[in-house]
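Following: one structure in C-alpha cells, then a few remarks.
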Amino acid sequence: MTNMNTPLLELKNIGKIYVSDSNVSVGIRGVDLTFSKGEFVAVTGKSGSGKSTLLNVISGMDTYEEGEMLVEGEPTSHFLQKDWEEYRKQYISFIFQDYNIIESFTVLQNVELALMHIEDPGKRRERAMELLRRVGLEKHVRHKGSKLSGGQKQRTVIARALAKDSPIILADEPTGNLDSQSSKEIIRLLREVAEDKLVVVVTHNFEQVEDYATRHIRIFDGAVELDHTIRPTTSVRDHAPMPEASPMVSNTARKTANTLRNGLVLGRVRFGATPKLSVFLCILMTVTALVLALVTSFTYDSRSLFSERTMFTHVEGRTVIVRRDGQIITDEELEKLAADMGAENYLHYDSMLDRTVGVSFEDAENGRVQWYEVSFGYPASDVKLDAGRYPEKDNEVVLEVPISFKNHLGQDGFEETVFPLLFEMATYKVVGVSYYYDNSRTPRMLFSENGYRIASAIAFFSNQRYNFGYNIELSVPENETVYHTSMQGDTYIDFDLPSKTYYANDGSITAFLADMGIGKEGAPEREDVLIHTVMSGNFFNYQYYYDHSYGGGYGNGIIVDVVKPGYGEESTVQHSFDGYTMVWDVSEGMKQDLETRYYERWQEGSGISNAGFMVLSPDILLEFMYEHYYTQAYTQASLFFENDREAHGKVERLRELGYTAVVSDETIEPDVFEVLEEKLNAGFNAFLFLMAIVFVTAFLSLCSSRAMNATRGDIAIMRSMGIPTTVVRISIYVQTLIALIPATVITAITCAVVYMLPQTNYLFPFLHAGDYILIASMLILVALNLSRKYVKRMFSDSVKKTLKGGSKA
C-alpha cells in the first residue's frame, strides 16, 4: 500500500536525449524534482532551455533515457506505450499553448470527450455543463471549436482538463496567444478550479503567475537552475493511488464493454463532426459498393465453384419416383400413391420439367428475333398474373418471365403474342404473363393440364420426328384407282383441326385428289374414297441414367428411360391412322403458319408444291405417345409435397412401398471434363473478382488517405488526453463503417431500380441474397483494411511528434 506521505510525482536524475540524423542534443539532464498535490508550480526559462521537454516527460508524451520517474512511489522506466496511455488517462490533463482543441467538435463535445468514464450519458452531459458554467462558456456549448476566440478556446481546454478530474494539470504556455487581460483571467481560473491538484505551468512571463504560484522552478540549459517555494500549499484531499500489482492493466469484462461503448460513441460523434470528410467517405464507399455489385454481377459464373448440380430440376417439394421392379407406373397407381402419401399434387409424364425448349419472340424495337430457353410447367393457375388471363385452350399459355420481357410483350400492357414452339411443330398463343425480377431464373411456360400433356408429347416427338415416315394409300372403288405415297417430312400440330383428323400433302396427293374431283371448291364430298395411313419409324434408344447408391438394399438409384432399353432395336413402331379422318384442308391459322415457313411455295388451291408434310390434330399425337411410349417405356413420375423438408421425410416410406425416390434438391457429380471446364471458367471469374477487390482497396486508400489525414491532429489530442488507444482505434473503424450505411442503401436502391425496369433488367445478372452478403462482406473488409492502414499511420509516431505535425482540422 502506498504511503500517504509519498510524493505524487518524483523525478530522480532524469535525462532526455534527442537523436537525429545529423546530431545528438540534450533536452534535460540531471533533473531532481518532487511534486505534491496542491502545488501551483511555475516553470520558467529561456526558449530552448528544456521547459517543454520537462513537461512532455512528466506527461508521458516523451520518454526519458536516464534516471527514474516515480508516480506515487511506483517507477515508470519499464512502461510500454499502453502503460503511458493508461498513465495519461488516470493522472494527466494537458493544456497547450496552441489550445489543441478539436475544432470540428462543439464546446460541449470537447468537454464530454474527457468524461467518457461516466457511463450514463445524462450524467455525462450534466457534468460537462457544470464545468462549462464554471469557466463561463455555458452560452457557447453548441459552437464549434473553430468558431471560438482564443480565450474561449483556452477556457474550453481548461474545462476539458478539469473534466478528467486528474490529479496533475500540465499547462504549456497557456497564455502565449492571449492578451494580458485574458491571460490574467486564465491563470486565475486555473488556480481557482485546481486548488486540490498539482498544477505545473510553463510560462515565459513569470509575472503573470507570480500572484498564484506556490513554487517557482527555472530551467537553464536543460538543468534545474532554481527551485524556490513562494508560499505553502494548502491541505488537499487525497487522490486514489495507482494499483500496485499491475497499475496500468485491467482485463475486466466491464472495462472491455466500456471501451467498446466509448469507441462506438466517439466514432459516431467524429462522423457527425466532420461533415465534409464524412460525405467524401460516403461517396467513396458508395462508388466502391456499386463497383463491387457490378463486378459481382459480371463474375456471376464464379459461384459455380461452390454450387452443386441437382439430378432433376429443383421444384420445392418435388420428389421423383420409379418402381424398383422396373415396371411402368399406371395413372391409377400414381393417383392412389399421391393420396396415400399426402402429396399436394402429382405429375405422371414429367420429363419436360427437366428440359428447356427454345422460344423466339420478335423484338419490335430492334427489329430482330430474340431466342430464349424456357421450361415447361403447370398448372398456370399457380402464378399470379400481372396481365392477361389464364389458358382456356390447349395451345394457350401463361409466361412466367423476367420483367425485361415487357420489351417483347408490350410496354403499355400485355399484348397476346403468337409464337412457334418445338421446332415450329405447333403455334402457341401467350394469353397471360407473370413478371419477376430475377433474370437468372429460367423463364417458364405454363399450360393447362391437358395443354401440358400435349406440349410434352410434342416436345418428345419433335426431337425424333425425322425418324418417322407416313405411308398413305388412297383408293376409289368405282374405277379401282389406287394411289400410294410415302412421306418423310415435317409434322405439324393444328389445334384448330377437329378431333381425330389430319391433313396430308406432298404435292402428288393434291394432284390425285384433284383428278378424282376431290378437294376442289364446290366439289361434292366423296365418301367412297378409302384412305389407309400408317406412321412408322424408330424412337431413339437412349436413357437418362443416374448411378447412386442409397443403401439399405434399395438398388442403384434411378433409371429414367426415354425409351425402354432395346425397344427401338426390337421392332418398328407402327401406328395406324384407321379411325381417324383425313381432311382436305387446314385451318386458316395453320395456312398462315405454313405460308410463313415456306414463303413463296404456298400456292392457292394446290397447297405446298414439292414439300411433303403432315398436319395432325393434337389428340392424334397424344394418343400415339400414350400407346407407344408413355404406357410402355416411361418409368418415372413426380409427387409434389409442401416443401423439400416434408419430401425428404416421405422418401423412406416410398422406399418401403417399393419405389426408388429422389427429392429434386439431391445433388450429383457431373462429368469430370465438364466440371473441369466449369471450374476453370469459374476460377477465372473468381480471380477477376479478387483483382477487382484489390484494385478497389488500392483506389480507396489512395483517395482517402489525404482526406483522413486531416484528423491526425484530433487523434493526437485524444491520445494526449489519455483517451485509451483502443477507444480511438475503434472510433476510426466506426467512422469508416458508418459511411457504409448510405453506401449500402444507395447500392440497394440502384440495384432494385436496375432490376425492376424492363429496359435495364437484362443488362446485369441478378444478384441474390448470398451475393449481397458477399458484397457487404467485401465492403466491410475493404473498409476495415482502409481503417487499419489509417490507424497504423496514426499510431506510428509519438503523440508529441503528431501534435507538432498534425492538422487541427
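Residues are named by chain letter and number: chains run A, B, ... in the order of the C-alpha cells, numbers start at 1 in each chain, and ligands are numbered from 1 in the order shown.
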
I'd like the contact shell of region 323-330 of chain A - 8 Å cut-off, only C-alpha atoms, skipping same-chain residues fewer than 6 positions apart - returned as a PDB file with all heavy atoms, in the first residue's frame.
ATOM      1  N   TYR A 554     -31.743 -50.798 -51.626  1.00  0.00           N
ATOM      2  CA  TYR A 554     -32.781 -50.220 -52.480  1.00  0.00           C
ATOM      3  C   TYR A 554     -32.339 -50.077 -53.932  1.00  0.00           C
ATOM      4  O   TYR A 554     -32.931 -49.349 -54.701  1.00  0.00           O
ATOM      5  CB  TYR A 554     -33.198 -48.847 -51.929  1.00  0.00           C
ATOM      6  CG  TYR A 554     -34.053 -48.956 -50.700  1.00  0.00           C
ATOM      7  CD1 TYR A 554     -33.535 -48.607 -49.461  1.00  0.00           C
ATOM      8  CD2 TYR A 554     -35.353 -49.420 -50.770  1.00  0.00           C
ATOM      9  CE1 TYR A 554     -34.309 -48.716 -48.318  1.00  0.00           C
ATOM     10  CE2 TYR A 554     -36.131 -49.527 -49.630  1.00  0.00           C
ATOM     11  CZ  TYR A 554     -35.599 -49.176 -48.403  1.00  0.00           C
ATOM     12  OH  TYR A 554     -36.348 -49.278 -47.271  1.00  0.00           O
ATOM     13  N   GLY A 555     -31.258 -50.735 -54.320  1.00  0.00           N
ATOM     14  CA  GLY A 555     -30.877 -50.704 -55.720  1.00  0.00           C
ATOM     15  C   GLY A 555     -29.898 -49.591 -56.025  1.00  0.00           C
ATOM     16  O   GLY A 555     -29.354 -48.942 -55.143  1.00  0.00           O
ATOM     17  N   THR A 631     -47.077 -45.500 -71.938  1.00  0.00           N
ATOM     18  CA  THR A 631     -47.543 -46.704 -71.228  1.00  0.00           C
ATOM     19  C   THR A 631     -46.623 -47.895 -71.428  1.00  0.00           C
ATOM     20  O   THR A 631     -46.867 -48.966 -70.853  1.00  0.00           O
ATOM     21  CB  THR A 631     -48.954 -47.068 -71.703  1.00  0.00           C
ATOM     22  OG1 THR A 631     -48.930 -47.257 -73.122  1.00  0.00           O
ATOM     23  CG2 THR A 631     -49.943 -45.973 -71.341  1.00  0.00           C
ATOM     24  N   GLN A 632     -45.569 -47.755 -72.250  1.00  0.00           N
ATOM     25  CA  GLN A 632     -44.672 -48.869 -72.489  1.00  0.00           C
ATOM     26  C   GLN A 632     -43.241 -48.598 -72.066  1.00  0.00           C
ATOM     27  O   GLN A 632     -42.495 -49.549 -71.809  1.00  0.00           O
ATOM     28  CB  GLN A 632     -44.676 -49.236 -73.984  1.00  0.00           C
ATOM     29  CG  GLN A 632     -46.034 -49.723 -74.486  1.00  0.00           C
ATOM     30  CD  GLN A 632     -45.963 -50.247 -75.897  1.00  0.00           C
ATOM     31  OE1 GLN A 632     -45.030 -50.981 -76.248  1.00  0.00           O
ATOM     32  NE2 GLN A 632     -46.944 -49.891 -76.722  1.00  0.00           N
ATOM     33  N   ALA A 633     -42.854 -47.346 -72.010  1.00  0.00           N
ATOM     34  CA  ALA A 633     -41.436 -47.058 -71.774  1.00  0.00           C
ATOM     35  C   ALA A 633     -41.182 -46.001 -70.711  1.00  0.00           C
ATOM     36  O   ALA A 633     -40.095 -45.956 -70.149  1.00  0.00           O
ATOM     37  CB  ALA A 633     -40.784 -46.611 -73.088  1.00  0.00           C
ATOM     38  N   TYR A 634     -42.146 -45.148 -70.436  1.00  0.00           N
ATOM     39  CA  TYR A 634     -41.884 -44.048 -69.498  1.00  0.00           C
ATOM     40  C   TYR A 634     -42.052 -44.550 -68.068  1.00  0.00           C
ATOM     41  O   TYR A 634     -43.143 -44.962 -67.657  1.00  0.00           O
ATOM     42  CB  TYR A 634     -42.829 -42.879 -69.761  1.00  0.00           C
ATOM     43  CG  TYR A 634     -42.388 -41.596 -69.107  1.00  0.00           C
ATOM     44  CD1 TYR A 634     -41.532 -40.726 -69.778  1.00  0.00           C
ATOM     45  CD2 TYR A 634     -42.787 -41.263 -67.825  1.00  0.00           C
ATOM     46  CE1 TYR A 634     -41.099 -39.551 -69.184  1.00  0.00           C
ATOM     47  CE2 TYR A 634     -42.360 -40.095 -67.225  1.00  0.00           C
ATOM     48  CZ  TYR A 634     -41.520 -39.244 -67.904  1.00  0.00           C
ATOM     49  OH  TYR A 634     -41.085 -38.075 -67.329  1.00  0.00           O
ATOM     50  N   THR A 635     -40.975 -44.500 -67.277  1.00  0.00           N
ATOM     51  CA  THR A 635     -40.983 -45.168 -65.981  1.00  0.00           C
ATOM     52  C   THR A 635     -41.117 -44.246 -64.778  1.00  0.00           C
ATOM     53  O   THR A 635     -41.395 -44.714 -63.681  1.00  0.00           O
ATOM     54  CB  THR A 635     -39.680 -45.967 -65.806  1.00  0.00           C
ATOM     55  OG1 THR A 635     -38.566 -45.079 -65.928  1.00  0.00           O
ATOM     56  CG2 THR A 635     -39.573 -47.065 -66.851  1.00  0.00           C
ATOM     57  N   GLN A 636     -40.899 -42.960 -64.948  1.00  0.00           N
ATOM     58  CA  GLN A 636     -40.852 -42.107 -63.762  1.00  0.00           C
ATOM     59  C   GLN A 636     -42.109 -41.245 -63.621  1.00  0.00           C
ATOM     60  O   GLN A 636     -42.934 -41.140 -64.534  1.00  0.00           O
ATOM     61  CB  GLN A 636     -39.624 -41.210 -63.776  1.00  0.00           C
ATOM     62  CG  GLN A 636     -39.752 -39.965 -64.643  1.00  0.00           C
ATOM     63  CD  GLN A 636     -38.562 -39.042 -64.499  1.00  0.00           C
ATOM     64  OE1 GLN A 636     -37.423 -39.469 -64.396  1.00  0.00           O
ATOM     65  NE2 GLN A 636     -38.812 -37.741 -64.518  1.00  0.00           N
ATOM     66  N   ALA A 637     -42.243 -40.632 -62.458  1.00  0.00           N
ATOM     67  CA  ALA A 637     -43.326 -39.684 -62.175  1.00  0.00           C
ATOM     68  C   ALA A 637     -42.857 -38.775 -61.045  1.00  0.00           C
ATOM     69  O   ALA A 637     -41.824 -39.026 -60.412  1.00  0.00           O
ATOM     70  CB  ALA A 637     -44.610 -40.419 -61.785  1.00  0.00           C
ATOM     71  N   GLY A 658     -41.680 -49.878 -52.244  1.00  0.00           N
ATOM     72  CA  GLY A 658     -41.131 -50.465 -53.461  1.00  0.00           C
ATOM     73  C   GLY A 658     -40.708 -49.467 -54.510  1.00  0.00           C
ATOM     74  O   GLY A 658     -40.556 -49.834 -55.682  1.00  0.00           O
ATOM     75  N   TYR A 659     -40.512 -48.229 -54.133  1.00  0.00           N
ATOM     76  CA  TYR A 659     -40.113 -47.211 -55.089  1.00  0.00           C
ATOM     77  C   TYR A 659     -38.710 -46.695 -54.757  1.00  0.00           C
ATOM     78  O   TYR A 659     -38.294 -46.683 -53.607  1.00  0.00           O
ATOM     79  CB  TYR A 659     -41.084 -46.024 -55.075  1.00  0.00           C
ATOM     80  CG  TYR A 659     -42.494 -46.391 -55.448  1.00  0.00           C
ATOM     81  CD1 TYR A 659     -43.408 -46.773 -54.467  1.00  0.00           C
ATOM     82  CD2 TYR A 659     -42.904 -46.362 -56.776  1.00  0.00           C
ATOM     83  CE1 TYR A 659     -44.701 -47.129 -54.805  1.00  0.00           C
ATOM     84  CE2 TYR A 659     -44.204 -46.715 -57.126  1.00  0.00           C
ATOM     85  CZ  TYR A 659     -45.100 -47.091 -56.136  1.00  0.00           C
ATOM     86  OH  TYR A 659     -46.379 -47.427 -56.478  1.00  0.00           O
ATOM     87  N   THR A 660     -38.005 -46.300 -55.787  1.00  0.00           N
ATOM     88  CA  THR A 660     -36.798 -45.506 -55.590  1.00  0.00           C
ATOM     89  C   THR A 660     -37.210 -44.051 -55.720  1.00  0.00           C
ATOM     90  O   THR A 660     -37.842 -43.675 -56.716  1.00  0.00           O
ATOM     91  CB  THR A 660     -35.720 -45.855 -56.629  1.00  0.00           C
ATOM     92  OG1 THR A 660     -35.371 -47.228 -56.481  1.00  0.00           O
ATOM     93  CG2 THR A 660     -34.492 -45.002 -56.422  1.00  0.00           C
TER      94      THR A 660
END

CA of Thr485 (chain A) and CA of Ile472 (chain A), how far apart in Å? 5.4 Å

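Between Ser52 (chain A) and the residues A:Ile118, A:Leu779, A:Ala707, A:Ile219, the shortest atom-to-atom distance, using only C-alpha atoms, involves A:Ile219.
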
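Remark: for Gly272 (chain A), the closest of the candidate residues A:Gln208, A:Thr736, A:Ser777, A:Thr667 is A:Thr736 (distances computed over only C-alpha atoms).
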
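Nearest-residue note for Leu55 (chain A): choosing from A:Leu399, A:Leu621, A:Ala686, A:Ile92, the minimum distance belongs to A:Ile92, counting only C-alpha atoms.
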
Could you give me, as an MDAnalysis selection string, the residues within 9 Å of Thr313 (chain A), counting only C-alpha atoms and dropping anything in the same chain fewer than 3 positions from it? chainID A and resid 310 353:355 664:665

Create the file for the chosen residues now, containing all heavy atoms and written as an mmCIF file, in the first residue's frame.
data_model
loop_
_atom_site.group_PDB
_atom_site.id
_atom_site.type_symbol
_atom_site.label_atom_id
_atom_site.label_comp_id
_atom_site.auth_asym_id
_atom_site.auth_seq_id
_atom_site.Cartn_x
_atom_site.Cartn_y
_atom_site.Cartn_z
ATOM 1 N N THR A 310 -28.055 -30.541 -59.340
ATOM 2 C CA THR A 310 -29.106 -31.463 -58.940
ATOM 3 C C THR A 310 -29.418 -32.391 -60.113
ATOM 4 O O THR A 310 -29.259 -32.014 -61.281
ATOM 5 C CB THR A 310 -30.386 -30.716 -58.530
ATOM 6 O OG1 THR A 310 -30.817 -29.885 -59.612
ATOM 7 C CG2 THR A 310 -30.124 -29.859 -57.296
ATOM 8 N N LEU A 353 -40.312 -31.193 -67.187
ATOM 9 C CA LEU A 353 -39.866 -30.384 -66.049
ATOM 10 C C LEU A 353 -38.348 -30.298 -66.004
ATOM 11 O O LEU A 353 -37.782 -29.399 -65.379
ATOM 12 C CB LEU A 353 -40.385 -30.971 -64.731
ATOM 13 C CG LEU A 353 -41.889 -30.910 -64.482
ATOM 14 C CD1 LEU A 353 -42.209 -31.498 -63.124
ATOM 15 C CD2 LEU A 353 -42.393 -29.477 -64.565
ATOM 16 N N ASP A 354 -37.688 -31.250 -66.654
ATOM 17 C CA ASP A 354 -36.228 -31.316 -66.623
ATOM 18 C C ASP A 354 -35.604 -30.938 -67.962
ATOM 19 O O ASP A 354 -34.447 -31.234 -68.224
ATOM 20 C CB ASP A 354 -35.778 -32.714 -66.218
ATOM 21 C CG ASP A 354 -36.319 -33.108 -64.861
ATOM 22 O OD1 ASP A 354 -36.078 -32.369 -63.899
ATOM 23 O OD2 ASP A 354 -37.011 -34.137 -64.769
ATOM 24 N N ARG A 355 -36.375 -30.299 -68.797
ATOM 25 C CA ARG A 355 -35.866 -29.855 -70.092
ATOM 26 C C ARG A 355 -36.235 -28.411 -70.328
ATOM 27 O O ARG A 355 -37.136 -27.856 -69.688
ATOM 28 C CB ARG A 355 -36.467 -30.707 -71.220
ATOM 29 C CG ARG A 355 -35.967 -32.125 -71.307
ATOM 30 C CD ARG A 355 -36.614 -32.830 -72.496
ATOM 31 N NE ARG A 355 -36.386 -32.108 -73.744
ATOM 32 C CZ ARG A 355 -37.013 -32.383 -74.888
ATOM 33 N NH1 ARG A 355 -37.918 -33.344 -74.928
ATOM 34 N NH2 ARG A 355 -36.745 -31.693 -75.985
ATOM 35 N N SER A 664 -35.903 -33.506 -55.444
ATOM 36 C CA SER A 664 -35.265 -32.775 -56.548
ATOM 37 C C SER A 664 -34.124 -31.874 -56.111
ATOM 38 O O SER A 664 -33.457 -31.287 -56.959
ATOM 39 C CB SER A 664 -36.314 -31.939 -57.300
ATOM 40 O OG SER A 664 -36.907 -30.975 -56.450
ATOM 41 N N ASP A 665 -33.862 -31.764 -54.805
ATOM 42 C CA ASP A 665 -32.683 -30.996 -54.378
ATOM 43 C C ASP A 665 -31.455 -31.889 -54.194
ATOM 44 O O ASP A 665 -30.392 -31.405 -53.789
ATOM 45 C CB ASP A 665 -32.969 -30.218 -53.093
ATOM 46 C CG ASP A 665 -33.244 -31.125 -51.891
ATOM 47 O OD1 ASP A 665 -33.344 -32.348 -52.093
ATOM 48 O OD2 ASP A 665 -33.370 -30.600 -50.774
#

Given the choices A:Glu473, A:Asp172, A:Asp585, A:Glu185, which gets closest to Tyr503 (chain A) if the distance is worked out from only C-alpha atoms? A:Asp585

What lies within 8 Å of region 492-494 of chain A using only C-alpha atoms, ignoring chain neighbours under 4 positions off, as a compact mmCIF listing (two decimals) with all heavy atoms, in the first residue's frame?
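So out_19.txt came out as:
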# COMPACT_ATOMS: atom_id res chain seq x y z
N GLU A 424 -41.01 -25.53 -84.42
CA GLU A 424 -42.13 -24.97 -85.17
C GLU A 424 -43.19 -26.02 -85.49
O GLU A 424 -43.96 -25.88 -86.44
CB GLU A 424 -41.64 -24.31 -86.46
CG GLU A 424 -40.68 -23.16 -86.19
CD GLU A 424 -40.32 -22.38 -87.44
OE1 GLU A 424 -40.46 -22.94 -88.55
OE2 GLU A 424 -39.92 -21.22 -87.30
N MET A 425 -43.25 -27.08 -84.70
CA MET A 425 -44.29 -28.08 -84.90
C MET A 425 -45.67 -27.55 -84.56
O MET A 425 -46.67 -28.02 -85.07
CB MET A 425 -44.02 -29.31 -84.02
CG MET A 425 -43.10 -30.34 -84.65
SD MET A 425 -43.08 -31.87 -83.69
CE MET A 425 -44.75 -32.45 -83.90
N ALA A 426 -45.73 -26.59 -83.66
CA ALA A 426 -47.03 -26.07 -83.22
C ALA A 426 -46.92 -24.58 -82.96
O ALA A 426 -45.83 -24.04 -82.73
CB ALA A 426 -47.49 -26.80 -81.96
N THR A 427 -48.06 -23.93 -83.01
CA THR A 427 -48.12 -22.50 -82.73
C THR A 427 -48.93 -22.27 -81.47
O THR A 427 -50.05 -22.78 -81.34
CB THR A 427 -48.77 -21.74 -83.91
OG1 THR A 427 -47.97 -21.94 -85.08
CG2 THR A 427 -48.84 -20.25 -83.60
N VAL A 586 -56.50 -27.33 -94.07
CA VAL A 586 -56.14 -27.00 -92.68
C VAL A 586 -56.79 -25.67 -92.33
O VAL A 586 -57.38 -24.99 -93.17
CB VAL A 586 -54.61 -26.92 -92.49
CG1 VAL A 586 -53.98 -28.28 -92.64
CG2 VAL A 586 -53.98 -25.92 -93.45
N SER A 587 -56.67 -25.31 -91.05
CA SER A 587 -57.27 -24.05 -90.60
C SER A 587 -56.53 -22.86 -91.20
O SER A 587 -55.39 -22.97 -91.66
CB SER A 587 -57.21 -23.97 -89.06
OG SER A 587 -55.86 -23.88 -88.63
N MET A 590 -53.24 -22.21 -89.56
CA MET A 590 -52.19 -23.13 -89.99
C MET A 590 -51.69 -22.75 -91.37
O MET A 590 -50.49 -22.84 -91.66
CB MET A 590 -52.75 -24.55 -90.01
CG MET A 590 -51.67 -25.62 -90.09
SD MET A 590 -50.77 -25.75 -88.54
CE MET A 590 -49.12 -26.11 -89.14
N PHE A 613 -45.64 -32.90 -96.11
CA PHE A 613 -45.80 -32.64 -94.68
C PHE A 613 -47.12 -33.21 -94.22
O PHE A 613 -48.03 -33.46 -95.01
CB PHE A 613 -45.71 -31.16 -94.36
CG PHE A 613 -46.79 -30.31 -94.98
CD1 PHE A 613 -47.96 -30.04 -94.28
CD2 PHE A 613 -46.65 -29.79 -96.26
CE1 PHE A 613 -48.96 -29.26 -94.83
CE2 PHE A 613 -47.66 -29.01 -96.81
CZ PHE A 613 -48.81 -28.74 -96.12
N MET A 614 -47.20 -33.41 -92.91
CA MET A 614 -48.43 -33.88 -92.27
C MET A 614 -48.84 -32.88 -91.22
O MET A 614 -48.01 -32.33 -90.49
CB MET A 614 -48.21 -35.24 -91.61
CG MET A 614 -47.98 -36.38 -92.56
SD MET A 614 -49.48 -36.92 -93.40
CE MET A 614 -50.36 -37.72 -92.08
N VAL A 615 -50.16 -32.67 -91.11
CA VAL A 615 -50.72 -31.82 -90.06
C VAL A 615 -51.70 -32.68 -89.27
O VAL A 615 -52.64 -33.24 -89.84
CB VAL A 615 -51.44 -30.59 -90.65
CG1 VAL A 615 -51.99 -29.73 -89.54
CG2 VAL A 615 -50.50 -29.79 -91.55
N LEU A 616 -51.45 -32.79 -87.96
CA LEU A 616 -52.26 -33.65 -87.11
C LEU A 616 -53.05 -32.81 -86.11
O LEU A 616 -52.60 -31.75 -85.67
CB LEU A 616 -51.38 -34.63 -86.32
CG LEU A 616 -50.32 -35.42 -87.09
CD1 LEU A 616 -49.54 -36.30 -86.11
CD2 LEU A 616 -50.96 -36.26 -88.18
N SER A 617 -54.21 -33.33 -85.74
CA SER A 617 -54.89 -32.74 -84.58
C SER A 617 -54.10 -33.21 -83.34
O SER A 617 -53.51 -34.29 -83.33
CB SER A 617 -56.34 -33.19 -84.51
OG SER A 617 -56.42 -34.60 -84.34
N PRO A 618 -54.04 -32.41 -82.28
CA PRO A 618 -53.17 -32.76 -81.13
C PRO A 618 -53.51 -34.08 -80.46
O PRO A 618 -52.62 -34.75 -79.95
CB PRO A 618 -53.37 -31.57 -80.18
CG PRO A 618 -54.61 -30.88 -80.62
CD PRO A 618 -54.73 -31.11 -82.08

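Proximity of A:Lys46, A:Met756, A:Ala710, A:Leu284 to Ala783 (chain A), computed with only C-alpha atoms, is greatest for A:Leu284.
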
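We find CA of Gly770 (chain A) and CA of Leu786 (chain A) to be spaced 24.1 Å apart.
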
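Between CA of Glu373 (chain A) and CA of Gln759 (chain A) there is a distance of 19.7 Å.
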
With DSSP run on the backbone, what are the alpha helix (DSSP H) residues within region 83-199 of chain A? I'd like them as a PyMOL selection string. chain A and resi 83-91+107-113+121-134+150-163+180-193

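Distances here use only C-alpha atoms; by that measure, the residue among A:Met69, A:Ser404, A:Pro167, A:Glu335 closest to Leu757 (chain A) is A:Ser404.
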
10 Å contact set for Glu646 (chain A), only C-alpha atoms, chain neighbours under 2 positions out, as a list in words: Glu316, Gly317, Arg318, Ala343, Phe640, Phe641, Glu642, Asn643, Asp644, His648, Gly649, Lys650, Val651 and Val663 of chain A

How would the residues just picked look written out with C-alpha atoms as a compact mmCIF listing (two decimals), in the first residue's frame?
# COMPACT_ATOMS: atom_id res chain seq x y z
CA GLU A 316 -39.81 -27.09 -53.98
CA GLY A 317 -41.24 -30.33 -52.59
CA ARG A 318 -40.79 -32.30 -55.80
CA ALA A 343 -48.89 -35.23 -51.71
CA PHE A 640 -45.24 -32.70 -55.03
CA PHE A 641 -45.19 -32.06 -51.29
CA GLU A 642 -45.44 -28.78 -49.41
CA ASN A 643 -41.66 -28.31 -49.18
CA ASP A 644 -38.35 -30.16 -49.53
CA HIS A 648 -37.29 -35.85 -47.54
CA GLY A 649 -39.45 -37.16 -44.72
CA LYS A 650 -41.51 -39.20 -47.21
CA VAL A 651 -38.58 -40.84 -49.00
CA VAL A 663 -36.05 -35.32 -53.85

Selection near region 573-577 of chain A, 10 Å with only C-alpha atoms, sequence-local residues under 5 positions removed, as an MDAnalysis selection string: chainID A and resid 468:472 500:502 531:539 567:568 582 620 623:624 627:629

Take the residues from that selection and write them out as a PDB file, in the first residue's frame, keeping C-alpha atoms.
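Generated output (selection_20.pdb):
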ATOM      1  CA  PHE A 468     -40.807 -41.375 -88.778  1.00  0.00           C
ATOM      2  CA  GLY A 469     -42.491 -41.552 -92.124  1.00  0.00           C
ATOM      3  CA  TYR A 470     -46.051 -41.852 -93.390  1.00  0.00           C
ATOM      4  CA  ASN A 471     -47.418 -44.402 -95.808  1.00  0.00           C
ATOM      5  CA  ILE A 472     -50.685 -43.265 -97.365  1.00  0.00           C
ATOM      6  CA  LYS A 500     -59.004 -37.251 -84.765  1.00  0.00           C
ATOM      7  CA  THR A 501     -58.457 -35.522 -88.073  1.00  0.00           C
ATOM      8  CA  TYR A 502     -55.303 -34.987 -90.099  1.00  0.00           C
ATOM      9  CA  ILE A 531     -57.767 -43.896 -97.100  1.00  0.00           C
ATOM     10  CA  HIS A 532     -55.282 -46.001 -95.142  1.00  0.00           C
ATOM     11  CA  THR A 533     -52.475 -44.122 -93.375  1.00  0.00           C
ATOM     12  CA  VAL A 534     -49.699 -45.628 -91.244  1.00  0.00           C
ATOM     13  CA  MET A 535     -46.983 -43.777 -89.321  1.00  0.00           C
ATOM     14  CA  SER A 536     -43.890 -45.902 -88.769  1.00  0.00           C
ATOM     15  CA  GLY A 537     -40.372 -45.398 -87.536  1.00  0.00           C
ATOM     16  CA  ASN A 538     -37.982 -45.834 -84.623  1.00  0.00           C
ATOM     17  CA  PHE A 539     -37.579 -43.836 -81.414  1.00  0.00           C
ATOM     18  CA  TYR A 567     -37.351 -51.201 -77.635  1.00  0.00           C
ATOM     19  CA  GLY A 568     -36.203 -49.364 -80.721  1.00  0.00           C
ATOM     20  CA  MET A 582     -58.300 -37.198 -93.424  1.00  0.00           C
ATOM     21  CA  ILE A 620     -53.659 -37.957 -82.534  1.00  0.00           C
ATOM     22  CA  GLU A 623     -52.769 -40.975 -78.442  1.00  0.00           C
ATOM     23  CA  PHE A 624     -49.678 -42.084 -80.329  1.00  0.00           C
ATOM     24  CA  GLU A 627     -49.898 -46.051 -76.943  1.00  0.00           C
ATOM     25  CA  HIS A 628     -46.259 -46.383 -77.999  1.00  0.00           C
ATOM     26  CA  TYR A 629     -44.253 -44.560 -75.340  1.00  0.00           C
TER      27      TYR A 629
END

Skipping near chain neighbours, those fewer than 5 positions away, what residues fall within 6 Å of region 101-110 of chain A using only C-alpha atoms, listed as a ChimeraX atom specification? /A:141-146,273,714

Pull C-alpha atoms from the residues just selected and write them as a PDB file, in the first residue's frame.
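After the write, again_5.pdb holds the following:
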ATOM      1  CA  VAL A 141     -21.913  24.913 -25.805  1.00  0.00           C
ATOM      2  CA  ARG A 142     -23.141  24.399 -29.394  1.00  0.00           C
ATOM      3  CA  HIS A 143     -20.386  26.437 -31.008  1.00  0.00           C
ATOM      4  CA  LYS A 144     -17.706  24.504 -32.847  1.00  0.00           C
ATOM      5  CA  GLY A 145     -14.111  24.957 -31.697  1.00  0.00           C
ATOM      6  CA  SER A 146     -13.190  26.613 -34.969  1.00  0.00           C
ATOM      7  CA  ALA A 273     -18.461  16.448 -36.507  1.00  0.00           C
ATOM      8  CA  ASP A 714      -7.530  15.360 -33.438  1.00  0.00           C
TER       9      ASP A 714
END

As JSON, numbers by chain, please: all residues of region 7-228 of chain A that backbone DSSP puts in strand (DSSP E). {"A": [9, 10, 11, 12, 13, 14, 15, 16, 17, 18, 19, 24, 25, 26, 27, 28, 29, 30, 31, 32, 33, 34, 35, 40, 41, 42, 43, 44, 66, 67, 68, 69, 70, 71, 74, 75, 92, 93, 94, 95, 168, 169, 170, 171, 172, 198, 199, 200, 201, 202, 215, 216, 217, 218, 219, 220, 223, 224, 225, 226, 227, 228]}
